[in-house]
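J.: Supplied structure: run_16.pdb, PDB, C-alpha atoms.
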```
MODEL        1
ATOM      1  CA  MET A   1     -10.746 -22.649   1.675  1.00  0.00           C
ATOM      2  CA  GLN A   2      -7.921 -23.991  -0.483  1.00  0.00           C
ATOM      3  CA  ASN A   3      -6.294 -27.299   0.492  1.00  0.00           C
ATOM      4  CA  LYS A   4      -2.574 -27.057   1.130  1.00  0.00           C
ATOM      5  CA  PRO A   5      -0.431 -29.710  -0.531  1.00  0.00           C
ATOM      6  CA  LYS A   6       1.195 -32.101   1.938  1.00  0.00           C
ATOM      7  CA  ARG A   7       4.845 -31.262   2.579  1.00  0.00           C
ATOM      8  CA  ILE A   8       7.367 -33.896   1.615  1.00  0.00           C
ATOM      9  CA  SER A   9       9.243 -35.246   4.636  1.00  0.00           C
ATOM     10  CA  GLY A  10      11.170 -38.212   5.992  1.00  0.00           C
ATOM     11  CA  VAL A  11      13.143 -40.585   3.775  1.00  0.00           C
ATOM     12  CA  THR A  12      11.562 -39.168   0.618  1.00  0.00           C
ATOM     13  CA  LEU A  13      12.824 -35.674   1.467  1.00  0.00           C
ATOM     14  CA  GLN A  14      16.283 -36.980   2.387  1.00  0.00           C
ATOM     15  CA  ASN A  15      16.533 -38.745  -0.983  1.00  0.00           C
ATOM     16  CA  ILE A  16      15.467 -35.565  -2.800  1.00  0.00           C
ATOM     17  CA  ARG A  17      18.064 -33.536  -0.853  1.00  0.00           C
ATOM     18  CA  ALA A  18      20.852 -36.023  -1.586  1.00  0.00           C
ATOM     19  CA  ARG A  19      20.003 -36.116  -5.305  1.00  0.00           C
ATOM     20  CA  HIS A  20      19.773 -32.315  -5.519  1.00  0.00           C
ATOM     21  CA  PHE A  21      23.079 -31.659  -3.712  1.00  0.00           C
ATOM     22  CA  ARG A  22      24.897 -34.274  -5.840  1.00  0.00           C
ATOM     23  CA  ALA A  23      23.750 -32.489  -8.995  1.00  0.00           C
ATOM     24  CA  ASN A  24      24.000 -28.917  -7.591  1.00  0.00           C
ATOM     25  CA  PRO A  25      26.576 -28.741  -4.776  1.00  0.00           C
ATOM     26  CA  LEU A  26      26.985 -24.941  -4.678  1.00  0.00           C
ATOM     27  CA  CYS A  27      24.869 -22.162  -3.176  1.00  0.00           C
ATOM     28  CA  VAL A  28      22.922 -20.452  -5.978  1.00  0.00           C
ATOM     29  CA  MET A  29      22.900 -17.024  -4.296  1.00  0.00           C
ATOM     30  CA  CYS A  30      26.644 -17.078  -3.553  1.00  0.00           C
ATOM     31  CA  GLN A  31      27.355 -18.069  -7.156  1.00  0.00           C
ATOM     32  CA  SER A  32      25.330 -15.073  -8.376  1.00  0.00           C
ATOM     33  CA  LYS A  33      27.668 -12.862  -6.285  1.00  0.00           C
ATOM     34  CA  GLY A  34      30.821 -14.532  -7.652  1.00  0.00           C
ATOM     35  CA  LYS A  35      31.450 -16.574  -4.485  1.00  0.00           C
ATOM     36  CA  LEU A  36      31.739 -20.330  -4.030  1.00  0.00           C
ATOM     37  CA  SER A  37      29.979 -21.839  -1.020  1.00  0.00           C
ATOM     38  CA  ALA A  38      28.598 -25.304  -0.444  1.00  0.00           C
ATOM     39  CA  ALA A  39      24.828 -25.600  -0.556  1.00  0.00           C
ATOM     40  CA  GLN A  40      23.669 -26.855   2.843  1.00  0.00           C
ATOM     41  CA  GLU A  41      19.936 -26.230   2.782  1.00  0.00           C
ATOM     42  CA  LEU A  42      17.283 -27.054   0.222  1.00  0.00           C
ATOM     43  CA  ASP A  43      15.103 -24.002  -0.435  1.00  0.00           C
ATOM     44  CA  HIS A  44      11.832 -23.490  -2.293  1.00  0.00           C
ATOM     45  CA  ILE A  45      12.371 -20.663  -4.783  1.00  0.00           C
ATOM     46  CA  ILE A  46       8.707 -19.698  -4.401  1.00  0.00           C
ATOM     47  CA  PRO A  47       7.768 -20.602  -0.812  1.00  0.00           C
ATOM     48  CA  LEU A  48       5.046 -23.207  -0.368  1.00  0.00           C
ATOM     49  CA  HIS A  49       3.024 -20.777   1.764  1.00  0.00           C
ATOM     50  CA  LYS A  50       3.022 -18.361  -1.204  1.00  0.00           C
ATOM     51  CA  GLY A  51       1.757 -20.965  -3.671  1.00  0.00           C
ATOM     52  CA  GLY A  52       5.059 -22.556  -4.720  1.00  0.00           C
ATOM     53  CA  SER A  53       5.147 -26.208  -5.659  1.00  0.00           C
ATOM     54  CA  ASP A  54       7.144 -28.979  -4.008  1.00  0.00           C
ATOM     55  CA  THR A  55       8.857 -29.937  -7.274  1.00  0.00           C
ATOM     56  CA  ASP A  56      12.454 -30.022  -8.519  1.00  0.00           C
ATOM     57  CA  SER A  57      11.898 -26.921 -10.661  1.00  0.00           C
ATOM     58  CA  ASN A  58      11.029 -24.936  -7.502  1.00  0.00           C
ATOM     59  CA  ARG A  59      14.066 -26.066  -5.462  1.00  0.00           C
ATOM     60  CA  GLN A  60      17.527 -24.564  -5.064  1.00  0.00           C
ATOM     61  CA  GLY A  61      20.465 -25.206  -2.796  1.00  0.00           C
ATOM     62  CA  LEU A  62      21.590 -22.396  -0.507  1.00  0.00           C
ATOM     63  CA  CYS A  63      24.240 -22.022   2.197  1.00  0.00           C
ATOM     64  CA  LYS A  64      22.869 -21.396   5.693  1.00  0.00           C
ATOM     65  CA  GLU A  65      23.540 -17.652   5.610  1.00  0.00           C
ATOM     66  CA  CYS A  66      21.855 -17.117   2.230  1.00  0.00           C
ATOM     67  CA  HIS A  67      18.880 -19.238   3.284  1.00  0.00           C
ATOM     68  CA  THR A  68      18.459 -17.154   6.443  1.00  0.00           C
ATOM     69  CA  GLU A  69      18.742 -13.925   4.420  1.00  0.00           C
ATOM     70  CA  LYS A  70      16.166 -15.070   1.847  1.00  0.00           C
ATOM     71  CA  SER A  71      13.731 -16.361   4.480  1.00  0.00           C
ATOM     72  CA  LYS A  72      13.885 -13.139   6.502  1.00  0.00           C
ATOM     73  CA  LYS A  73      13.327 -10.995   3.412  1.00  0.00           C
ATOM     74  CA  GLU A  74      10.328 -13.139   2.414  1.00  0.00           C
ATOM     75  CA  ARG A  75       8.819 -12.514   5.849  1.00  0.00           C
ATOM     76  CA  GLY A  76       9.476  -8.756   5.646  1.00  0.00           C
ATOM     77  CA  HIS A  77      12.309  -8.667   8.187  1.00  0.00           C
ATOM     78  CA  THR A  78      15.560  -6.773   7.810  1.00  0.00           C
ATOM     79  CA  TYR A  79      18.578  -8.982   7.350  1.00  0.00           C
ATOM     80  CA  LYS A  80      21.896  -7.878   8.788  1.00  0.00           C
ATOM     81  CA  PRO A  81      24.728 -10.346   8.088  1.00  0.00           C
ATOM     82  CA  LYS A  82      27.104 -11.206  10.904  1.00  0.00           C
ATOM     83  CA  GLN A  83      30.611  -9.761  10.658  1.00  0.00           C
ATOM     84  CA  ARG A  84      33.048 -12.589   9.968  1.00  0.00           C
ATOM     85  CA  ILE A  85      36.603 -12.569  11.248  1.00  0.00           C
ATOM     86  CA  SER A  86      39.278 -14.081   8.998  1.00  0.00           C
ATOM     87  CA  ILE A  87      42.027 -16.409  10.161  1.00  0.00           C
ATOM     88  CA  SER A  88      44.338 -13.369  10.326  1.00  0.00           C
ATOM     89  CA  GLY A  89      42.119 -11.842  13.006  1.00  0.00           C
ATOM     90  CA  TRP A  90      40.849  -9.011  10.777  1.00  0.00           C
ATOM     91  CA  PRO A  91      37.240  -8.652   9.585  1.00  0.00           C
ATOM     92  CA  GLU A  92      36.547 -10.262   6.218  1.00  0.00           C
ATOM     93  CA  ILE A  93      35.708  -7.903   3.375  1.00  0.00           C
ATOM     94  CA  ASN A  94      32.799  -9.031   1.202  1.00  0.00           C
TER      95      ASN A  94
ENDMDL
END
```
Please render this file's structure as structure tokens.
T.:
Amino acid sequence: MQNKPKRISGVTLQNIRARHFRANPLCVMCQSKGKLSAAQELDHIIPLHKGGSDTDSNRQGLCKECHTEKSKKERGHTYKPKQRISISGWPEIN
């Protein structure tokens, strides 16, 4: 049986997050769609449970919605985004 690497946590993880978001403040997936959204969650590009490493080269910042979408797809679930209502009261068009 293969040993799993220990997940980084605590103050070490918080320092990594702070450094990453200072250098990369925008959501990578939103940027690829031409949108600008703040990165709120630190994501492993290749999940640790699928053999990804806990290194800077395997990290990206995502907004909450993109992180949820990516995580659900990785687990084989269907992702259906929530309909957002604009300040005018009409649904937002993506």
J.: Please evaluate the PyMOL selection byres ((chain A and resi 46) around 12) against the structure above and give the resulting residues as a PyMOL selection string.
T.: chain A and resi 43-45+47-60+70-71+74
J.: Do you have the atom CA of Cys66 of chain A-atom CA of Ile93 of chain A distance handy?
T.: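 Value for the atom CA of Cys66 of chain A-atom CA of Ile93 of chain A distance: 16.7 Å.
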J.: Mind pulling up the distance from atom CA of Lys72 of chain A to atom CA of Asn15 of chain A?
T.: 26.8 Å
J.: Report the distance between atom CA of Leu62 of chain A and atom CA of Ala38 of chain A in Å, rounded to one decimal place.
T.: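 It comes out at 7.6 Å.
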J.: Report, as AutoDock Vina command-line options, the axis-aligned box around all atoms of segment 8-24 of chain A present in the file, extended by 5 Å on each side; give centre and edge lengths in Å to one decimal place.
T.:
```
--center_x 16.1 --center_y -34.8 --center_z -1.5 --size_x 27.5 --size_y 21.7 --size_z 25.0
```
J.: Report as a PyMOL selection string the residues that result from applying the PyMOL selection byres ((chain A and resi 17) around 12) to the structure here.
T.: chain A and resi 8-16+18-25+39-44+55-56+59-62
J.: Which residue out of A:Gly76, A:Gln31, A:Gln83, A:Gly89 has the minimum interatomic distance to Cys63 of chain A when all atoms listed in the file are used?
T.: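 Smallest separation from Cys63 of chain A among the options: A:Gln31.
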J.: Using all atoms listed in the file for the distances, tell me which of A:Ser37, A:Arg7, A:Cys27, A:Glu65 is nearest to Pro81 of chain A.
T.: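 Closest to Pro81 of chain A of all the choices is A:Glu65.
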